[in-house]
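**Student:** Pasting in a structure now, in structure tokens, and then I'll have a few things to ask.
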Amino acid sequence: MSLTEIVKMDGPRVGPLSGKKARQLIILLHGVGADGQDLIGLTPSLSQAFPDASFISPNAPYDCDMATNGYQWFSLQDRSPEAILSEVKVTAPILNAFIDEEIVRCGVTAKQTALLGFSQGTMMSLYVAPRREQALAGVVGFSGRLIAPDLLKKEIKSRPPILLVHGDADQVVPVESVFHAKEGLISSGIDAKAVSRPGLGHGIDTEGINHAVTFLTSCFDF
């Protein structure tokens with residue numbers, strides 16, 4: 001039995017506001033120590049812009065090892081780049097399998113599917129999306145960083161457009177990370193844009209969501 005068969009993800013779902021069959025799928029990937037409920041709260045705003053979209057916000061596959069509750073995509077006990085990359089490589093197939101299953105479940109295509117991540121969820125999104133055979137519609141990443149940019153140049157398989165949003169007062173993941181990520185993505189041939197939010201810490205604000213809506217509107221083929 002493979003790891004992806006052993007580790008199954010699930011989380012809160014919200015169907016299309018229109019009540020019709022889904023025409024888009026937006027997968028929301030939370031940060032360390034949180035769970036799927038953390039980002040599913042964004043759906044009221046997003047549903048207004050995308051009334052035919054389905055949303056799923058899965059719990060990351062592992063219990064958080066630095067808290068008594070919540071989940072993580074990878075451990076931060078060892079924060080060396082080598083240790084993090086090693087763990088991300090293990091989690092990536094689990095997330096990929098989940099994306100594949102949700103695309104089938106919703107009856108949409110890769111080009112109708114977007115990832116929206118926060119912090120660790122962004123890091124996983126930026127790692128997984130360009131390594132998928134079929135390009136997703138787009139990726140929005142809040143407050144994250146690009147894992148192993150040099151490796152991406154060797155392993156890239158698709159080039160979905162990517163929007164990165166980061167608070168310039170972020171004390172968890174420094175704002176410099178967004179510019180390094182943009183540079184790494186562009187050097188791999190990806191259309192990547194970066195937005196710095198003045199005064200914002202490690203979080204998502206209304207203006208950031210507005211940027212995400214505008215970006216995703218340009219990504220989806222309506």
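FYI, nothing fancy with the structure tokens labels: chains A, B, ... in order, residues from 1 per chain, ligands from 1 as they appear.
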Give the helix (DSSP H, G or I) residues of stretch 8-221 of chain A, as DSSP finds them on the backbone, and put them as a PyMOL selection string.
**Tutor:** chain A and resi 36-40+43-49+81-106+110-112+120-131+149-155+176-187+206-219
**Student:** For stretch 165-168 of chain A, please output as a list in words all residues within 7 Å (counting only C-alpha atoms; exclusion window: fewer than 4 positions along the same chain).
**Tutor:** Gly141, Phe142, Ser143, Val175, Val178, Ala194, Val195, Ser196, Arg197, Pro198, Gly199, Leu200, Gly201, His202 and Gly208 of chain A
**Student:** Print the selection's residues with N, CA and C atoms to a file, as a PDB file, in the first residue's frame.
**Tutor:**
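Output (again.pdb):
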ATOM      1  N   GLY A 141      -0.578  32.610  -3.501  1.00  0.00           N
ATOM      2  CA  GLY A 141       0.163  32.261  -2.296  1.00  0.00           C
ATOM      3  C   GLY A 141       0.310  33.451  -1.374  1.00  0.00           C
ATOM      4  N   PHE A 142      -0.205  33.318  -0.153  1.00  0.00           N
ATOM      5  CA  PHE A 142      -0.068  34.352   0.868  1.00  0.00           C
ATOM      6  C   PHE A 142       1.037  33.959   1.847  1.00  0.00           C
ATOM      7  N   SER A 143       1.934  34.882   2.132  1.00  0.00           N
ATOM      8  CA  SER A 143       2.868  34.769   3.259  1.00  0.00           C
ATOM      9  C   SER A 143       3.698  33.491   3.261  1.00  0.00           C
ATOM     10  N   VAL A 175       9.231  39.447   4.559  1.00  0.00           N
ATOM     11  CA  VAL A 175       8.685  39.871   3.280  1.00  0.00           C
ATOM     12  C   VAL A 175       9.677  39.665   2.138  1.00  0.00           C
ATOM     13  N   VAL A 178       8.993  36.884  -0.481  1.00  0.00           N
ATOM     14  CA  VAL A 178       8.102  36.994  -1.633  1.00  0.00           C
ATOM     15  C   VAL A 178       8.871  37.402  -2.882  1.00  0.00           C
ATOM     16  N   ALA A 194       4.142  39.658  -7.648  1.00  0.00           N
ATOM     17  CA  ALA A 194       4.248  39.779  -6.197  1.00  0.00           C
ATOM     18  C   ALA A 194       3.651  41.100  -5.743  1.00  0.00           C
ATOM     19  N   VAL A 195       2.903  41.041  -4.645  1.00  0.00           N
ATOM     20  CA  VAL A 195       2.279  42.225  -4.052  1.00  0.00           C
ATOM     21  C   VAL A 195       2.683  42.293  -2.588  1.00  0.00           C
ATOM     22  N   SER A 196       3.225  43.426  -2.172  1.00  0.00           N
ATOM     23  CA  SER A 196       3.566  43.655  -0.774  1.00  0.00           C
ATOM     24  C   SER A 196       2.490  44.515  -0.138  1.00  0.00           C
ATOM     25  N   ARG A 197       1.981  44.051   1.015  1.00  0.00           N
ATOM     26  CA  ARG A 197       0.909  44.768   1.692  1.00  0.00           C
ATOM     27  C   ARG A 197       1.487  45.577   2.853  1.00  0.00           C
ATOM     28  N   PRO A 198       1.408  46.910   2.795  1.00  0.00           N
ATOM     29  CA  PRO A 198       1.987  47.769   3.837  1.00  0.00           C
ATOM     30  C   PRO A 198       1.353  47.530   5.207  1.00  0.00           C
ATOM     31  N   GLY A 199       2.212  47.325   6.211  1.00  0.00           N
ATOM     32  CA  GLY A 199       1.748  47.211   7.584  1.00  0.00           C
ATOM     33  C   GLY A 199       1.126  45.885   7.957  1.00  0.00           C
ATOM     34  N   LEU A 200       1.030  44.954   7.023  1.00  0.00           N
ATOM     35  CA  LEU A 200       0.393  43.671   7.306  1.00  0.00           C
ATOM     36  C   LEU A 200       1.401  42.682   7.859  1.00  0.00           C
ATOM     37  N   GLY A 201       1.022  41.980   8.917  1.00  0.00           N
ATOM     38  CA  GLY A 201       1.857  40.938   9.486  1.00  0.00           C
ATOM     39  C   GLY A 201       1.659  39.620   8.761  1.00  0.00           C
ATOM     40  N   HIS A 202       1.739  38.531   9.516  1.00  0.00           N
ATOM     41  CA  HIS A 202       1.608  37.194   8.933  1.00  0.00           C
ATOM     42  C   HIS A 202       0.123  36.865   8.835  1.00  0.00           C
ATOM     43  N   GLY A 208      -5.676  42.044   0.075  1.00  0.00           N
ATOM     44  CA  GLY A 208      -5.031  40.860  -0.486  1.00  0.00           C
ATOM     45  C   GLY A 208      -6.025  39.944  -1.175  1.00  0.00           C
TER      46      GLY A 208
END
**Student:** Would you mind reading off the distance between atom CA of A:Met9 and atom CA of A:Ser47, one decimal, in Å?
**Tutor:**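 Atom CA of A:Met9 sits 22.9 Å away from atom CA of A:Ser47.
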**Student:** Which of these residues is nearest to A:Phe179, using only C-alpha atoms: A:Pro160, A:Gly203, A:Pro12, A:Gly144?
**Tutor:**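 Looking at the shortest contact to A:Phe179, the residue is A:Gly144.
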**Student:** Which residues of stretch 88-121 of chain A come within 6 Å of stretch 19-29 of chain A, and what is each one's closest atom pair and distance in Å (one decimal), counting only C-alpha atoms, sorted by chain and residue number, as a Markdown table?
**Tutor:**
| residue | atom | partner | partner_atom | distance |
| --- | --- | --- | --- | --- |
| A:Gln112 | CA | A:Gln24 | CA | 4.8 |
| A:Thr113 | CA | A:Leu25 | CA | 4.7 |
| A:Ala114 | CA | A:Ile26 | CA | 4.9 |
| A:Leu115 | CA | A:Ile27 | CA | 4.9 |
| A:Leu116 | CA | A:Leu28 | CA | 4.8 |
| A:Gly117 | CA | A:Leu29 | CA | 4.5 |
| A:Gly121 | CA | A:Leu29 | CA | 4.5 |
**Student:** Go ahead and save the residues from that selection, with C-alpha atoms, as a PDB file, in the first residue's frame.
**Tutor:**
ATOM      1  CA  GLN A 112     -10.601  25.085 -13.981  1.00  0.00           C
ATOM      2  CA  THR A 113      -8.715  24.422 -10.738  1.00  0.00           C
ATOM      3  CA  ALA A 114      -6.724  26.858  -8.617  1.00  0.00           C
ATOM      4  CA  LEU A 115      -4.751  26.603  -5.389  1.00  0.00           C
ATOM      5  CA  LEU A 116      -4.864  29.284  -2.705  1.00  0.00           C
ATOM      6  CA  GLY A 117      -2.373  28.801   0.092  1.00  0.00           C
ATOM      7  CA  GLY A 121       0.070  25.975   2.370  1.00  0.00           C
TER       8      GLY A 121
END
**Student:** Which one is closest to A:Phe220: A:Ala34, A:Val172, A:Val128, A:Ala110? Count only C-alpha atoms.
**Tutor:**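 That would be A:Ala110, the residue with the smallest distance to A:Phe220.
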**Student:** Of the candidates A:Leu216, A:Ile204, A:Ala169, A:Ile147, which shows the shortest atom-to-atom distance to A:Leu42, using only C-alpha atoms?
**Tutor:**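 Closest candidate: A:Ile204.
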**Student:** Using only C-alpha atoms, determine which residues lie at most 9 Å from A:Ile209, disregarding the query and same-chain residues fewer than 4 positions distant; provide the list as a ChimeraX atom specification.
**Tutor:** /A:42,45-46,204-205,213-214
**Student:** Store the residues picked out above in a file with C-alpha atoms, as a compact mmCIF listing (two decimals), in the first residue's frame.
**Tutor:**
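Result file follows (part-v1.txt):
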# COMPACT_ATOMS: atom_id res chain seq x y z
CA LEU A 42 -12.66 33.10 2.93
CA SER A 45 -15.98 36.73 -0.26
CA LEU A 46 -14.66 34.40 -2.95
CA ILE A 204 -4.43 37.85 4.90
CA ASP A 205 -6.23 41.16 4.58
CA VAL A 213 -10.03 37.75 -6.93
CA THR A 214 -8.74 39.94 -9.75
**Student:** Report as a PyMOL selection string all protein, DNA and RNA residues lying within 12 Å of A:Glu183, evaluated on only C-alpha atoms, omitting residues in the same chain fewer than 2 positions from it.
**Tutor:** chain A and resi 145-146+149-150+153+162+164+176-181+185-194
**Student:** List the spatial neighbours of A:Ala135 as a PDB file with C-alpha atoms, in the first residue's frame - criterion: any atom at most 8 Å away, only C-alpha atoms, same-chain residues fewer than 5 positions off excluded.
**Tutor:**
ATOM      1  CA  ALA A 110      -6.985  21.200 -14.302  1.00  0.00           C
ATOM      2  CA  LYS A 111      -7.499  24.499 -16.108  1.00  0.00           C
ATOM      3  CA  ALA A 129       1.722  23.078  -8.910  1.00  0.00           C
ATOM      4  CA  PRO A 130       4.666  23.532 -11.319  1.00  0.00           C
ATOM      5  CA  SER A 158       3.924  23.080 -16.173  1.00  0.00           C
ATOM      6  CA  ARG A 159       3.778  26.824 -15.709  1.00  0.00           C
ATOM      7  CA  PRO A 160       0.564  28.050 -14.088  1.00  0.00           C
TER       8      PRO A 160
END
**Student:** Pick the closest to A:Val139 from A:Asp52, A:Phe215, A:Val104, A:Met66: which is it, counting only C-alpha atoms?
**Tutor:**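 Checking each of A:Asp52, A:Phe215, A:Val104, A:Met66 against A:Val139, counting only C-alpha atoms, the winner is A:Phe215.
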**Student:** What lies within 10 Å of A:Asn59 using only C-alpha atoms, ignoring chain neighbours under 5 positions off, as a list of chain:residue names?
**Tutor:**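 The residues that qualify are A:Lys8, A:Met9, A:Asp10, A:Gly11, A:Pro12, A:Leu28, A:Leu29, A:His30, A:Gly31, A:Ala34, A:Asp35, A:Gly36, A:Gln37, A:Asp38, A:Gly70, A:Tyr71, A:Gln72, A:Trp73.
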**Student:** Could you take the residues named above and write them with N, CA and C atoms, as a JSON list (two decimals), in the first residue's frame?
**Tutor:**
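Below is the file out-v8.json, written as the result:
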[["chain", "number", "residue", "atom", "x", "y", "z"],
["A", 8, "LYS", "N", -5.00, 9.98, 3.90],
["A", 8, "LYS", "CA", -6.09, 10.59, 3.16],
["A", 8, "LYS", "C", -6.46, 11.93, 3.80],
["A", 9, "MET", "N", -6.64, 12.92, 2.98],
["A", 9, "MET", "CA", -6.99, 14.24, 3.50],
["A", 9, "MET", "C", -8.47, 14.52, 3.26],
["A", 10, "ASP", "N", -9.03, 15.32, 4.14],
["A", 10, "ASP", "CA", -10.41, 15.79, 3.97],
["A", 10, "ASP", "C", -10.53, 17.09, 4.76],
["A", 11, "GLY", "N", -11.64, 17.76, 4.58],
["A", 11, "GLY", "CA", -11.86, 19.01, 5.28],
["A", 11, "GLY", "C", -13.17, 19.63, 4.86],
["A", 12, "PRO", "N", -13.47, 20.80, 5.38],
["A", 12, "PRO", "CA", -14.74, 21.44, 5.05],
["A", 12, "PRO", "C", -14.84, 21.81, 3.57],
["A", 28, "LEU", "N", -8.06, 25.35, -0.94],
["A", 28, "LEU", "CA", -7.47, 26.26, 0.05],
["A", 28, "LEU", "C", -6.55, 25.48, 0.99],
["A", 29, "LEU", "N", -5.29, 25.88, 1.08],
["A", 29, "LEU", "CA", -4.30, 25.13, 1.86],
["A", 29, "LEU", "C", -3.80, 25.99, 3.02],
["A", 30, "HIS", "N", -4.12, 25.57, 4.23],
["A", 30, "HIS", "CA", -3.86, 26.36, 5.44],
["A", 30, "HIS", "C", -2.40, 26.31, 5.86],
["A", 31, "GLY", "N", -2.08, 27.10, 6.90],
["A", 31, "GLY", "CA", -0.72, 27.15, 7.44],
["A", 31, "GLY", "C", -0.52, 26.19, 8.59],
["A", 34, "ALA", "N", -2.85, 25.11, 11.96],
["A", 34, "ALA", "CA", -4.27, 25.42, 11.70],
["A", 34, "ALA", "C", -4.96, 24.17, 11.17],
["A", 35, "ASP", "N", -6.16, 24.36, 10.64],
["A", 35, "ASP", "CA", -6.88, 23.27, 9.98],
["A", 35, "ASP", "C", -7.73, 23.84, 8.86],
["A", 36, "GLY", "N", -8.51, 22.99, 8.24],
["A", 36, "GLY", "CA", -9.29, 23.43, 7.09],
["A", 36, "GLY", "C", -10.27, 24.54, 7.38],
["A", 37, "GLN", "N", -10.71, 24.63, 8.63],
["A", 37, "GLN", "CA", -11.66, 25.70, 8.99],
["A", 37, "GLN", "C", -11.03, 27.08, 8.87],
["A", 38, "ASP", "N", -9.72, 27.14, 8.94],
["A", 38, "ASP", "CA", -9.03, 28.43, 8.95],
["A", 38, "ASP", "C", -9.26, 29.22, 7.67],
["A", 70, "GLY", "N", -4.33, 21.13, 15.70],
["A", 70, "GLY", "CA", -3.97, 21.63, 14.39],
["A", 70, "GLY", "C", -3.12, 20.64, 13.61],
["A", 71, "TYR", "N", -2.83, 21.01, 12.39],
["A", 71, "TYR", "CA", -2.14, 20.11, 11.46],
["A", 71, "TYR", "C", -0.96, 20.82, 10.79],
["A", 72, "GLN", "N", -0.12, 20.03, 10.15],
["A", 72, "GLN", "CA", 1.02, 20.59, 9.43],
["A", 72, "GLN", "C", 1.26, 19.81, 8.13],
["A", 73, "TRP", "N", 1.85, 20.50, 7.17],
["A", 73, "TRP", "CA", 2.26, 19.88, 5.91],
["A", 73, "TRP", "C", 3.64, 19.27, 6.06]]
**Student:** By how many Å are atom CA of A:Pro51 and atom CA of A:Leu95 apart?
**Tutor:** 25.2 Å
**Student:** Please extract the residues of stretch 1-221 of chain A with a backbone DSSP assignment of strand (DSSP E or B) and present them as an MDAnalysis selection string.
**Tutor:** chainID A and resid 13:14 24:29 34 53:56 62:63 71:72 113:118 138:142 162:167 192:197
**Student:** Please dump the current selection as a compact mmCIF listing (two decimals), in the first residue's frame; keep C-alpha atoms.
**Tutor:**
# COMPACT_ATOMS: atom_id res chain seq x y z
CA ARG A 13 -16.33 21.99 1.66
CA VAL A 14 -18.55 24.72 0.26
CA GLN A 24 -14.29 26.10 -11.04
CA LEU A 25 -12.56 24.43 -8.11
CA ILE A 26 -10.54 26.41 -5.57
CA ILE A 27 -8.47 24.37 -3.11
CA LEU A 28 -7.47 26.26 0.05
CA LEU A 29 -4.30 25.13 1.86
CA ALA A 34 -4.27 25.42 11.70
CA ALA A 53 -16.91 27.57 -7.83
CA SER A 54 -16.59 24.71 -5.38
CA PHE A 55 -14.25 25.14 -2.45
CA ILE A 56 -12.40 22.57 -0.37
CA TYR A 62 -0.04 15.38 9.79
CA ASP A 63 -0.80 16.42 13.36
CA TYR A 71 -2.14 20.11 11.46
CA GLN A 72 1.02 20.59 9.43
CA THR A 113 -8.71 24.42 -10.74
CA ALA A 114 -6.72 26.86 -8.62
CA LEU A 115 -4.75 26.60 -5.39
CA LEU A 116 -4.86 29.28 -2.71
CA GLY A 117 -2.37 28.80 0.09
CA PHE A 118 -1.26 30.51 3.26
CA GLY A 138 -3.41 29.50 -11.25
CA VAL A 139 -1.94 29.69 -7.77
CA VAL A 140 -2.36 32.37 -5.12
CA GLY A 141 0.16 32.26 -2.30
CA PHE A 142 -0.07 34.35 0.87
CA ILE A 162 1.15 32.66 -9.82
CA LEU A 163 0.27 35.59 -7.56
CA LEU A 164 2.21 36.10 -4.33
CA VAL A 165 0.89 38.40 -1.58
CA HIS A 166 2.92 39.19 1.53
CA GLY A 167 2.72 41.66 4.40
CA ALA A 192 4.69 35.33 -11.35
CA LYS A 193 3.55 38.57 -9.73
CA ALA A 194 4.25 39.78 -6.20
CA VAL A 195 2.28 42.22 -4.05
CA SER A 196 3.57 43.65 -0.77
CA ARG A 197 0.91 44.77 1.69
**Student:** Which residues come within 12 Å of A:Ser86, counting only C-alpha atoms, excluding same-chain residues fewer than 3 positions away, as a ChimeraX atom specification?
**Tutor:** /A:73-76,78-83,89-92,147-148
**Student:** Go through A:Cys219, A:Met123, A:Ala212, A:Val7 one by one, measure the shortest atom-to-atom distance of each to A:Ala97 using only C-alpha atoms, and give the residue with the smallest value.
**Tutor:**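 Smallest distance to A:Ala97 is found for A:Val7.
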